[in-house]
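Okay, upload.cif is below, mmCIF, C-alpha atoms:
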```cif
data_query
#
loop_
_atom_site.label_atom_id
_atom_site.label_comp_id
_atom_site.auth_asym_id
_atom_site.auth_seq_id
_atom_site.Cartn_x
_atom_site.Cartn_y
_atom_site.Cartn_z
CA ILE B 1257 89.95 69.79 78.39
CA LYS B 1258 89.32 71.54 81.67
CA LYS B 1259 87.12 74.67 81.44
CA THR B 1260 88.27 77.57 83.57
CA CYS B 1261 85.98 78.94 86.26
CA LEU B 1262 86.11 82.32 84.53
CA ASN B 1263 84.53 80.95 81.34
CA LEU B 1264 81.70 79.39 83.34
CA LEU B 1265 81.19 82.65 85.22
CA ARG B 1266 81.08 84.68 82.01
CA ASP B 1267 78.52 82.34 80.43
CA SER B 1268 76.19 82.67 83.41
CA VAL B 1269 76.69 86.43 83.82
CA LEU B 1270 75.92 86.96 80.11
CA TYR B 1271 72.71 84.93 80.35
CA TRP B 1272 71.40 86.73 83.43
CA SER B 1273 72.39 90.14 82.06
CA GLU B 1274 70.37 89.44 78.91
CA MET B 1275 67.33 88.51 80.99
CA GLY B 1276 67.04 92.13 82.19
CA ASP B 1277 65.49 93.61 85.31
CA SER B 1278 61.86 93.02 84.33
CA CYS B 1279 61.94 89.40 85.50
CA SER B 1280 63.83 90.13 88.73
CA PRO B 1281 61.68 91.38 91.63
CA LYS B 1282 63.60 93.16 94.36
CA LEU B 1283 64.96 90.71 96.93
CA ARG B 1284 65.52 91.34 100.64
CA VAL B 1285 68.81 89.88 101.87
CA LEU B 1286 70.12 89.75 105.43
CA TYR B 1287 73.92 89.48 105.28
CA VAL B 1288 75.44 88.13 108.52
CA THR B 1289 79.22 88.45 108.76
CA PHE B 1290 81.43 88.72 111.84
CA GLU B 1291 83.74 91.25 110.18
CA TYR B 1292 82.39 94.08 108.06
CA CYS B 1293 83.11 97.82 108.23
CA ALA B 1294 84.25 98.27 111.85
CA SER B 1295 88.05 98.15 112.35
CA GLN B 1296 88.80 95.60 109.63
CA PHE B 1297 91.66 93.25 110.39
CA SER B 1298 91.50 90.79 107.48
CA GLY B 1299 90.27 90.35 103.93
CA ASN B 1300 86.92 89.05 105.24
CA GLY B 1301 85.66 92.53 106.02
CA THR B 1302 86.84 93.84 102.66
CA ALA B 1303 85.15 90.94 100.85
CA SER B 1304 81.85 91.34 102.70
CA MET B 1305 81.71 95.06 101.95
CA SER B 1306 82.44 94.39 98.28
CA PHE B 1307 79.80 91.66 97.98
CA VAL B 1308 77.13 93.72 99.77
CA ARG B 1309 77.94 96.81 97.70
CA GLY B 1310 77.62 94.74 94.52
CA LEU B 1311 74.21 93.38 95.53
CA ARG B 1312 72.93 96.84 96.41
CA ASP B 1313 74.15 98.22 93.09
CA LEU B 1314 71.93 95.61 91.40
CA GLY B 1315 68.89 96.88 93.30
CA THR B 1316 68.83 94.29 96.08
CA GLU B 1317 67.76 95.47 99.53
CA VAL B 1318 70.50 94.33 101.92
CA LYS B 1319 70.80 94.73 105.67
CA VAL B 1320 73.97 93.65 107.49
CA VAL B 1321 74.50 92.20 110.95
CA CYS B 1322 78.16 92.24 111.97
CA GLY B 1323 80.55 92.38 114.89
CA GLY B 1324 83.02 95.03 115.94
CA PRO B 1325 85.39 96.05 118.73
CA LYS B 1326 84.45 98.28 121.64
CA GLY B 1327 83.51 101.73 120.40
CA SER B 1328 81.91 100.61 117.12
CA ASP B 1329 78.55 102.31 117.72
CA SER B 1330 79.24 104.80 114.94
CA VAL B 1331 78.85 102.15 112.21
CA ASN B 1332 75.22 101.45 113.15
CA THR B 1333 72.76 102.70 110.53
CA GLU B 1334 69.34 101.72 109.16
CA ASP B 1335 71.14 99.06 107.12
CA VAL B 1336 73.93 97.93 109.47
CA ALA B 1337 73.57 96.51 112.99
CA CYS B 1338 76.92 96.09 114.73
CA PHE B 1339 77.29 94.16 118.01
CA GLU B 1340 80.45 94.84 119.99
CA VAL B 1341 82.73 92.11 121.34
CA SER B 1342 85.76 92.10 123.61
CA ASN B 1343 88.19 90.06 121.49
CA TRP B 1344 88.55 91.58 118.03
CA SER B 1345 91.44 90.41 115.88
CA GLN B 1346 90.94 86.85 114.62
CA HIS B 1347 88.68 84.40 112.81
CA VAL B 1348 89.45 81.30 114.84
CA ARG B 1349 87.83 78.90 117.28
CA GLN B 1350 89.13 80.96 120.23
CA SER B 1351 87.75 84.31 118.96
CA ALA B 1352 84.57 86.09 120.06
CA TRP B 1353 82.05 84.46 117.70
CA GLN B 1354 80.02 83.04 120.61
CA GLU B 1355 80.07 86.35 122.50
CA TRP B 1356 78.82 88.01 119.30
CA ALA B 1357 75.94 85.54 119.01
CA ASP B 1358 75.09 85.96 122.71
CA LYS B 1359 75.01 89.75 122.28
CA ILE B 1360 72.54 89.34 119.43
CA ARG B 1361 70.37 87.06 121.57
CA SER B 1362 70.38 89.32 124.64
CA SER B 1363 70.15 92.73 122.91
CA ASN B 1364 67.15 94.62 121.63
CA LEU B 1365 67.32 94.44 117.87
CA PRO B 1366 66.66 97.71 116.02
CA ASP B 1367 63.16 98.08 114.56
CA SER B 1368 64.60 98.25 111.05
CA LEU B 1369 65.93 94.72 111.55
CA LEU B 1370 63.00 93.29 113.50
CA THR B 1371 60.56 94.17 110.73
CA PHE B 1372 62.85 93.49 107.77
CA SER B 1373 61.44 90.04 106.85
CA PRO B 1374 64.31 88.86 104.60
CA ASP B 1375 63.76 86.49 101.69
CA ILE B 1376 67.07 84.88 102.51
CA ILE B 1377 69.99 85.06 104.94
CA VAL B 1378 73.59 84.93 103.74
CA SER B 1379 75.64 83.43 106.58
CA VAL B 1380 79.41 83.98 106.28
CA ASP B 1381 81.65 81.17 107.54
CA TRP B 1382 80.93 78.83 110.44
CA GLU B 1383 81.30 81.68 112.96
CA SER B 1384 78.00 83.24 111.80
CA SER B 1385 75.90 80.09 112.28
CA LEU B 1386 74.96 80.65 115.92
CA ALA B 1387 74.35 84.34 115.30
CA VAL B 1388 71.96 83.43 112.48
CA GLN B 1389 70.06 81.00 114.72
CA ASN B 1390 69.65 83.71 117.36
CA LEU B 1391 68.53 86.28 114.80
CA ILE B 1392 65.88 83.97 113.37
CA GLN B 1393 64.47 83.39 116.87
CA LYS B 1394 64.18 87.14 117.50
CA MET B 1395 63.03 88.48 114.13
CA GLN B 1396 59.33 88.85 113.41
CA CYS B 1397 59.23 86.78 110.23
CA GLU B 1398 58.89 83.30 108.85
CA LYS B 1399 62.12 81.32 108.88
CA PRO B 1400 63.99 82.36 105.72
CA LYS B 1401 66.21 80.17 103.60
CA ILE B 1402 69.95 80.30 104.24
CA VAL B 1403 72.93 80.51 101.91
CA TYR B 1404 76.15 79.50 103.65
CA TYR B 1405 79.01 81.59 102.23
CA ASN B 1406 82.29 79.88 103.03
CA TYR B 1407 85.12 82.42 102.69
CA ARG B 1408 87.68 79.88 103.89
CA VAL B 1409 87.79 76.19 104.82
CA PHE B 1410 89.11 76.39 108.37
CA TYR B 1411 89.74 72.69 108.88
CA ARG B 1412 92.50 72.99 106.28
CA ASN B 1413 94.48 75.52 108.35
CA SER B 1414 98.08 74.35 108.40
CA ASN B 1415 98.58 75.16 112.10
CA ASN B 1416 95.52 73.24 113.35
CA SER B 1417 95.90 70.72 116.13
CA GLU B 1418 94.05 67.45 115.48
CA GLN B 1419 91.42 68.56 117.98
CA ASP B 1420 90.97 71.90 116.21
CA LYS B 1421 90.80 70.20 112.84
CA GLU B 1422 87.98 67.89 113.96
CA TRP B 1423 86.15 70.79 115.64
CA TYR B 1424 86.27 72.88 112.46
CA LYS B 1425 85.11 69.92 110.41
CA ALA B 1426 82.08 69.54 112.66
CA VAL B 1427 81.05 73.22 112.62
CA GLU B 1428 81.66 73.62 108.88
CA ARG B 1429 79.68 70.45 108.12
CA SER B 1430 76.86 71.71 110.36
CA ALA B 1431 76.82 75.10 108.61
CA MET B 1432 76.55 73.42 105.23
CA VAL B 1433 73.83 70.96 106.21
CA GLY B 1434 71.87 73.73 107.94
CA SER B 1435 71.68 75.79 104.74
CA GLN B 1436 69.88 75.40 101.42
CA HIS B 1437 72.95 76.29 99.37
CA THR B 1438 76.70 76.60 99.97
CA ILE B 1439 79.06 79.00 98.20
CA CYS B 1440 82.86 78.87 98.32
CA LEU B 1441 85.64 80.81 96.61
CA CYS B 1442 87.61 78.23 94.64
CA ASN B 1443 87.77 74.67 93.31
CA SER B 1444 90.04 73.30 96.02
CA ASP B 1445 87.71 74.61 98.74
CA LYS B 1446 84.73 73.01 97.01
CA ASP B 1447 86.56 69.68 97.03
CA ALA B 1448 87.43 70.10 100.72
CA LEU B 1449 83.83 70.96 101.65
CA THR B 1450 82.46 68.08 99.60
CA ASP B 1451 84.72 65.71 101.54
CA LEU B 1452 82.86 66.68 104.73
CA LEU B 1453 79.57 65.31 103.44
CA SER B 1454 78.29 61.78 103.84
CA ASP B 1455 77.88 59.75 100.65
CA ASP B 1456 74.06 59.74 100.88
CA ILE B 1457 73.81 63.53 100.47
CA LYS B 1458 77.03 64.34 98.60
CA LYS B 1459 75.65 63.75 95.11
CA ASP B 1460 72.71 66.18 95.35
CA PHE B 1461 74.30 68.78 97.64
CA LYS B 1462 74.51 72.27 96.11
CA ILE B 1463 77.91 73.97 96.28
CA SER B 1464 78.69 76.90 93.98
CA ILE B 1465 82.06 78.50 93.29
CA LEU B 1466 82.01 82.31 93.09
CA LEU B 1467 85.38 83.90 92.45
CA PRO B 1468 85.57 87.30 94.15
CA GLY B 1469 85.70 90.12 91.63
CA LEU B 1470 88.13 93.02 91.61
CA ARG B 1471 86.76 95.76 93.89
CA GLN B 1472 85.33 98.64 91.89
CA GLU B 1473 87.45 101.24 93.69
CA ILE B 1474 90.60 99.26 92.85
CA ARG B 1475 89.42 98.78 89.27
CA ASN B 1476 88.87 102.53 88.90
CA LEU B 1477 92.34 103.31 90.23
CA ALA B 1478 93.90 100.63 88.03
CA THR B 1479 92.24 101.77 84.82
CA SER B 1480 93.40 105.33 85.46
CA MET B 1481 97.02 104.15 85.14
CA THR B 1482 98.73 105.11 81.90
CA ASP B 1483 101.02 102.07 81.80
CA GLY B 1484 103.16 99.89 84.05
CA SER B 1485 106.56 101.17 82.97
CA GLN B 1486 107.32 103.38 85.97
CA ARG B 1487 110.17 102.55 88.33
CA ARG B 1488 109.28 99.66 90.64
CA LYS B 1489 111.22 99.46 93.86
CA TYR B 1490 109.40 97.07 96.22
CA LEU B 1491 109.20 93.33 96.72
CA LEU B 1492 105.74 93.24 98.26
CA CYS B 1493 104.21 90.84 100.76
CA CYS B 1494 100.57 91.64 101.45
CA VAL B 1495 99.07 89.10 103.88
CA ARG B 1496 98.00 89.01 107.52
CA ILE B 1497 101.10 88.72 109.70
CA ILE B 1498 100.18 85.37 111.24
CA GLU B 1499 101.78 81.92 111.18
CA GLU B 1500 98.97 80.54 109.03
CA LYS B 1501 100.13 82.76 106.14
CA ASN B 1502 103.67 81.28 106.20
CA VAL B 1503 105.17 84.76 106.61
CA ASP B 1504 108.56 83.44 107.74
CA ALA B 1505 109.00 82.10 104.22
CA PHE B 1506 108.93 85.65 102.84
CA VAL B 1507 111.80 86.61 105.16
CA ASP B 1508 113.75 83.50 104.11
CA ILE B 1509 113.19 84.33 100.42
CA ILE B 1510 114.41 87.90 100.93
CA ARG B 1511 117.49 86.54 102.75
CA SER B 1512 118.34 84.27 99.79
CA LEU B 1513 117.76 87.07 97.28
CA SER B 1514 119.95 89.41 99.29
CA LYS B 1515 122.77 86.85 99.41
CA ALA B 1516 122.54 86.65 95.62
CA ASN B 1517 122.81 90.49 95.44
CA TYR B 1518 119.41 90.58 93.72
CA LEU B 1519 118.03 93.34 95.92
CA GLN B 1520 121.14 95.44 95.61
CA THR B 1521 121.52 95.02 91.84
CA ASN B 1522 117.88 95.87 91.15
CA ASN B 1523 117.50 98.52 93.90
CA LEU B 1524 114.60 96.60 95.49
CA ILE B 1525 113.27 96.97 99.04
CA PRO B 1526 110.98 94.53 100.91
CA TYR B 1527 107.58 95.96 101.84
CA MET B 1528 105.23 94.09 104.19
CA ILE B 1529 101.55 95.09 104.52
CA GLY B 1530 99.19 93.38 106.93
CA ALA B 1531 97.53 93.41 110.31
CA SER B 1532 98.50 90.94 113.03
CA ALA B 1533 96.68 89.33 115.95
CA SER B 1534 99.95 89.08 117.88
CA ALA B 1535 102.25 92.04 118.52
CA GLU B 1536 104.95 89.60 119.61
CA TYR B 1537 104.79 87.58 116.39
CA ARG B 1538 104.75 90.72 114.26
CA ALA B 1539 107.78 92.11 116.09
CA ARG B 1540 109.68 88.86 115.54
CA ILE B 1541 108.94 88.89 111.80
CA GLU B 1542 109.84 92.57 111.45
CA ASN B 1543 113.12 92.11 113.37
CA ARG B 1544 114.07 89.13 111.20
CA LEU B 1545 113.43 91.11 108.02
CA LEU B 1546 115.27 94.20 109.28
CA GLU B 1547 118.32 92.04 110.01
CA VAL B 1548 118.37 91.06 106.33
CA CYS B 1549 117.39 94.43 104.90
CA PRO B 1550 117.45 97.46 107.26
CA ASP B 1551 115.55 99.53 104.67
CA SER B 1552 112.47 97.25 104.80
CA VAL B 1553 109.11 99.02 105.03
CA PHE B 1554 106.08 97.96 107.07
CA SER B 1555 102.42 99.02 107.05
CA ASP B 1556 99.31 97.83 108.85
CA PHE B 1557 95.91 97.85 107.14
CA VAL B 1558 95.93 100.48 104.34
CA THR B 1559 93.21 102.24 102.33
CA PRO B 1560 92.57 101.25 98.67
CA PRO B 1561 94.33 104.36 97.28
CA GLU B 1562 97.31 103.72 99.57
CA LEU B 1563 97.40 100.05 98.57
CA CYS B 1564 97.29 100.87 94.87
CA ALA B 1565 100.04 103.47 95.22
CA ILE B 1566 102.28 100.86 96.86
CA MET B 1567 101.41 98.19 94.28
CA LYS B 1568 102.19 100.61 91.45
CA GLU B 1569 105.71 100.84 92.84
CA SER B 1570 106.11 97.09 93.44
CA TYR B 1571 108.00 94.78 91.12
CA LEU B 1572 106.64 91.49 92.50
CA ASN B 1573 103.98 90.53 95.00
CA ILE B 1574 105.34 87.53 96.92
CA HIS B 1575 102.37 85.67 98.45
CA PRO B 1576 103.82 83.06 100.85
CA ALA B 1577 100.64 81.25 102.03
CA LEU B 1578 100.52 77.52 101.33
CA ASN B 1579 96.73 77.46 101.38
CA GLU B 1580 94.50 80.40 100.46
CA ALA B 1581 90.77 80.38 99.72
CA TYR B 1582 91.40 83.15 97.23
CA GLY B 1583 93.97 85.89 97.95
CA MET B 1584 92.38 89.10 96.66
CA THR B 1585 95.64 91.05 96.85
CA ILE B 1586 97.02 88.72 94.15
CA ILE B 1587 94.31 89.98 91.79
CA GLU B 1588 94.62 93.59 92.96
CA SER B 1589 98.37 93.69 92.44
CA ALA B 1590 97.92 92.18 88.96
CA ALA B 1591 95.57 95.05 88.11
CA MET B 1592 98.31 97.48 89.15
CA CYS B 1593 100.84 95.78 86.81
CA CYS B 1594 102.56 93.98 89.69
CA PRO B 1595 102.55 90.21 89.01
CA SER B 1596 102.59 87.73 91.88
CA VAL B 1597 104.54 84.65 92.86
CA ILE B 1598 102.27 82.12 94.60
CA HIS B 1599 102.41 78.58 95.92
CA LYS B 1600 102.09 75.83 93.33
CA SER B 1601 98.76 74.54 94.68
CA SER B 1602 95.74 75.37 96.88
CA ILE B 1603 95.69 79.11 96.09
CA GLY B 1604 92.20 80.16 94.97
CA ALA B 1605 93.36 83.09 92.83
CA ALA B 1606 94.92 80.55 90.47
CA ASP B 1607 91.35 79.67 89.42
CA LEU B 1608 91.26 83.11 87.78
CA LEU B 1609 94.91 83.77 86.91
CA GLU B 1610 96.44 81.00 84.82
CA PRO B 1611 99.61 79.64 86.50
CA GLY B 1612 102.71 80.26 84.42
CA ARG B 1613 100.95 82.64 82.06
CA GLU B 1614 99.29 85.17 84.37
CA VAL B 1615 100.93 84.40 87.70
CA PHE B 1616 104.31 82.91 88.68
CA VAL B 1617 104.22 79.73 90.76
CA SER B 1618 106.76 77.98 92.95
CA ASP B 1619 107.00 75.77 96.03
CA PHE B 1620 106.65 78.00 99.08
CA SER B 1621 107.34 75.09 101.40
CA ASN B 1622 110.92 75.53 100.12
CA PRO B 1623 111.81 79.27 100.31
CA ALA B 1624 115.21 78.71 98.70
CA ALA B 1625 113.48 77.24 95.64
CA VAL B 1626 111.19 80.27 95.43
CA ALA B 1627 114.22 82.57 95.52
CA GLU B 1628 115.82 80.58 92.71
CA ALA B 1629 112.61 80.85 90.68
CA ILE B 1630 112.55 84.63 91.13
CA LEU B 1631 116.21 84.90 90.12
CA ALA B 1632 115.39 82.95 86.95
CA ILE B 1633 112.64 85.34 85.75
CA ASN B 1634 113.89 87.25 82.70
CA ASP B 1635 112.56 90.58 81.43
CA SER B 1636 110.61 89.05 78.55
CA GLU B 1637 108.85 86.54 80.79
CA TYR B 1638 108.17 89.17 83.44
CA HIS B 1639 106.52 91.63 81.05
CA ALA B 1640 104.45 88.90 79.38
CA VAL B 1641 103.02 87.77 82.74
CA GLN B 1642 102.61 91.39 83.85
CA ARG B 1643 100.50 92.25 80.80
CA ALA B 1644 98.40 89.07 80.80
CA ALA B 1645 97.70 89.28 84.53
CA ARG B 1646 96.51 92.86 84.28
CA VAL B 1647 94.13 92.07 81.41
CA LYS B 1648 92.62 89.09 83.25
CA SER B 1649 92.27 90.86 86.60
CA LEU B 1650 90.43 93.80 85.01
CA SER B 1651 88.06 91.47 83.11
CA TYR B 1652 86.14 90.27 86.17
CA GLY B 1653 84.95 92.75 88.77
CA GLU B 1654 82.52 93.51 91.56
CA ARG B 1655 79.45 93.71 89.35
CA GLU B 1656 80.14 90.41 87.59
CA ASN B 1657 80.55 88.71 90.96
CA ALA B 1658 77.37 90.34 92.31
CA GLU B 1659 75.36 89.13 89.32
CA MET B 1660 76.52 85.59 90.00
CA LEU B 1661 75.75 85.89 93.71
CA LEU B 1662 72.30 87.30 93.01
CA ASN B 1663 71.69 84.41 90.61
CA VAL B 1664 72.48 81.90 93.39
CA ILE B 1665 70.36 83.79 95.92
CA ARG B 1666 67.36 84.04 93.58
CA ASN B 1667 67.54 80.38 92.60
CA THR B 1668 67.73 79.39 96.29
CA VAL B 1669 64.72 81.55 97.19
CA GLU B 1670 62.67 80.14 94.32
CA ALA B 1671 63.66 76.49 94.81
#
```
In structure tokens, how does this file's structure come out?
Amino acid sequence: IKKTCLNLLRDSVLYWSEMGDSCSPKLRVLYVTFEYCASQFSGNGTASMSFVRGLRDLGTEVKVVCGGPKGSDSVNTEDVACFEVSNWSQHVRQSAWQEWADKIRSSNLPDSLLTFSPDIIVSVDWESSLAVQNLIQKMQCEKPKIVYYNYRVFYRNSNNSEQDKEWYKAVERSAMVGSQHTICLCNSDKDALTDLLSDDIKKDFKISILLPGLRQEIRNLATSMTDGSQRRKYLLCCVRIIEEKNVDAFVDIIRSLSKANYLQTNNLIPYMIGASASAEYRARIENRLLEVCPDSVFSDFVTPPELCAIMKESYLNIHPALNEAYGMTIIESAAMCCPSVIHKSSIGAADLLEPGREVFVSDFSNPAAVAEAILAINDSEYHAVQRAARVKSLSYGERENAEMLLNVIRNTVEA
């Protein structure tokens, strides 16, 4: 019988919690992530802030090196060093990851960073690898160990050309081999990363799965809810408005539901939330959806209270991506009593939420089939999934994730 990732996480968290603080000397961690607190455009920045906050809450000393758009000077502090780049909107081969690394190499690092002497560096995704190399060359310390934190397996992107796919394979393999430990967000990503390794190192290579926990600010807002019985008027889609997220499928699903009078009968309105790297693509998606439902609502990046307020009024969260390392909004909407419909495979959040019991699943490569599945959901089934999803999402949060991450970091330092 297959054990769920959550059970394994709970076992380890319980053990390390019982050990207490007396056996855990304060660690110094340098967290290197392209996107952090400056003008976030994806879930990467949100995740990094959550992970860093969790580590600090456990008493770990963390300094962050990140990127940001022009005008990001205000985010620089004793604990955050932000290097500005010209192209700020994507995590792809064509983005400014190399410019970011070059800025680090050519700039004067702040004294707080030069003298930090980290025990370990956490390097987020392949795009941080060159930045980490440049930092190590400039910092006045012995070369620290590296944990490679893979937020997403880029070679699996559905819109990759063959050339892009091979390029991502090479840089992701290099990032793994250049580290002492690799972390990813779900089982399918672990399998994909393992496939990059040669047989002679595959057996002993260390890859951990750490499911992201529900952000504390979302958890606080969710637990303040009285119940989930209030009027719900939105069909929500909360992803980046890019081709990779299969956003056209959401429009096609809404079209099918509208033809079946589902929106009209249930007084439901589509609501899309997400930033986009392309104004042209976003405009095309919005125009398509407005043709189907002129009352559709659109928002860019929103604050946690704004997001929770929208989710509290949403009946379903329709997550159209065919491949997702995790999908934090799936967990967040569950906490707000809004269950999700996700693709039948390769969605990391399904490692936490049990398909069929805590999240609805369908085949998002066939939008008409997804619409039929939504039409078939009855009240009893809906409320059962709604309740179970909320309980599960609230059971694993930022602190639990941070304890697991700290466990990996400490073991890597001491190895």
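Across the chains present, the PyMOL selection byres ((chain B and resi 1377-1393) around 7) applied to this file returns Val1285, Leu1286, Tyr1287, Val1288, Thr1289, Phe1290, Trp1353, Ala1357, Ile1360, Arg1361, Pro1374, Ile1376, Lys1394, Met1395, Lys1399, Pro1400, Lys1401, Ile1402, Val1403, Tyr1404, Tyr1405, Asn1406, Tyr1407, Val1427, Glu1428 and Ala1431 of chain B.
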Show me, as a PyMOL selection string, the residues that have an atom within 6 Å of Ser1552 of chain B when counting only C-alpha atoms, minus same-chain residues fewer than 5 positions from it.
chain B and resi 1525-1527
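Candidate residues B:Lys1648, B:Lys1282, B:Arg1666, B:Lys1421 were compared for distance to Arg1312 of chain B, and the nearest is B:Lys1282, using all atoms listed in the file.
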Restricting the calculation to all atoms listed in the file: of B:Val1336, B:Leu1519, B:Ala1581, B:Ala1426, which residue gets closest to Lys1446 of chain B?
B:Ala1581
Convert the output of the PyMOL selection byres ((chain B and resi 1613-1622) around 10) on the shown file into explicit residues, formatted as a ChimeraX atom specification.
/B:1502,1505-1506,1508-1509,1572-1578,1586-1587,1590,1594-1601,1605-1606,1608-1612,1623-1630,1633,1637-1638,1640-1649
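Candidate residues B:Val1341, B:Ile1665, B:Cys1293, B:Ile1463 were compared for distance to Val1320 of chain B, and the nearest is B:Cys1293, using all atoms listed in the file.
Using all atoms listed in the file, the shortest contact distance between Asn1416 of chain B and any of B:Ala1535, B:Val1348, B:Val1558, B:Cys1397 is found at B:Val1348.
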Export N, CA, C and O atoms of segment 1602-1613 of chain B from the structure just given, as a PDB file, in the first residue's frame?
```pdb
ATOM      1  N   SER B1602       0.296  14.512 -12.808  1.00  0.00           N
ATOM      2  CA  SER B1602       1.407  15.474 -12.846  1.00  0.00           C
ATOM      3  C   SER B1602       1.074  16.818 -12.203  1.00  0.00           C
ATOM      4  O   SER B1602       1.603  17.846 -12.610  1.00  0.00           O
ATOM      5  N   ILE B1603       0.209  16.811 -11.198  1.00  0.00           N
ATOM      6  CA  ILE B1603      -0.073  18.020 -10.410  1.00  0.00           C
ATOM      7  C   ILE B1603       0.381  17.744  -8.976  1.00  0.00           C
ATOM      8  O   ILE B1603      -0.175  16.887  -8.291  1.00  0.00           O
ATOM      9  N   GLY B1604       1.418  18.477  -8.534  1.00  0.00           N
ATOM     10  CA  GLY B1604       2.045  18.183  -7.251  1.00  0.00           C
ATOM     11  C   GLY B1604       1.119  18.252  -6.059  1.00  0.00           C
ATOM     12  O   GLY B1604       1.269  17.493  -5.099  1.00  0.00           O
ATOM     13  N   ALA B1605       0.135  19.147  -6.085  1.00  0.00           N
ATOM     14  CA  ALA B1605      -0.780  19.290  -4.951  1.00  0.00           C
ATOM     15  C   ALA B1605      -1.553  18.009  -4.667  1.00  0.00           C
ATOM     16  O   ALA B1605      -2.042  17.811  -3.545  1.00  0.00           O
ATOM     17  N   ALA B1606      -1.643  17.134  -5.661  1.00  0.00           N
ATOM     18  CA  ALA B1606      -2.326  15.851  -5.464  1.00  0.00           C
ATOM     19  C   ALA B1606      -1.516  14.908  -4.579  1.00  0.00           C
ATOM     20  O   ALA B1606      -2.019  13.870  -4.157  1.00  0.00           O
ATOM     21  N   ASP B1607      -0.252  15.264  -4.266  1.00  0.00           N
ATOM     22  CA  ASP B1607       0.510  14.500  -3.276  1.00  0.00           C
ATOM     23  C   ASP B1607       0.025  14.809  -1.869  1.00  0.00           C
ATOM     24  O   ASP B1607       0.272  14.043  -0.941  1.00  0.00           O
ATOM     25  N   LEU B1608      -0.636  15.947  -1.690  1.00  0.00           N
ATOM     26  CA  LEU B1608      -1.212  16.303  -0.390  1.00  0.00           C
ATOM     27  C   LEU B1608      -2.711  16.016  -0.369  1.00  0.00           C
ATOM     28  O   LEU B1608      -3.208  15.339   0.525  1.00  0.00           O
ATOM     29  N   LEU B1609      -3.436  16.541  -1.350  1.00  0.00           N
ATOM     30  CA  LEU B1609      -4.882  16.331  -1.430  1.00  0.00           C
ATOM     31  C   LEU B1609      -5.183  15.060  -2.212  1.00  0.00           C
ATOM     32  O   LEU B1609      -4.758  14.917  -3.358  1.00  0.00           O
ATOM     33  N   GLU B1610      -5.919  14.164  -1.591  1.00  0.00           N
ATOM     34  CA  GLU B1610      -6.206  12.870  -2.219  1.00  0.00           C
ATOM     35  C   GLU B1610      -7.204  13.038  -3.370  1.00  0.00           C
ATOM     36  O   GLU B1610      -8.326  13.503  -3.162  1.00  0.00           O
ATOM     37  N   PRO B1611      -6.816  12.651  -4.596  1.00  0.00           N
ATOM     38  CA  PRO B1611      -7.723  12.779  -5.750  1.00  0.00           C
ATOM     39  C   PRO B1611      -9.027  12.012  -5.530  1.00  0.00           C
ATOM     40  O   PRO B1611      -9.024  10.873  -5.062  1.00  0.00           O
ATOM     41  N   GLY B1612     -10.127  12.686  -5.848  1.00  0.00           N
ATOM     42  CA  GLY B1612     -11.438  12.066  -5.698  1.00  0.00           C
ATOM     43  C   GLY B1612     -12.060  12.279  -4.339  1.00  0.00           C
ATOM     44  O   GLY B1612     -13.279  12.352  -4.205  1.00  0.00           O
ATOM     45  N   ARG B1613     -11.226  12.388  -3.305  1.00  0.00           N
ATOM     46  CA  ARG B1613     -11.736  12.576  -1.950  1.00  0.00           C
ATOM     47  C   ARG B1613     -11.558  14.013  -1.473  1.00  0.00           C
ATOM     48  O   ARG B1613     -12.428  14.555  -0.782  1.00  0.00           O
TER      49      ARG B1613
END
```
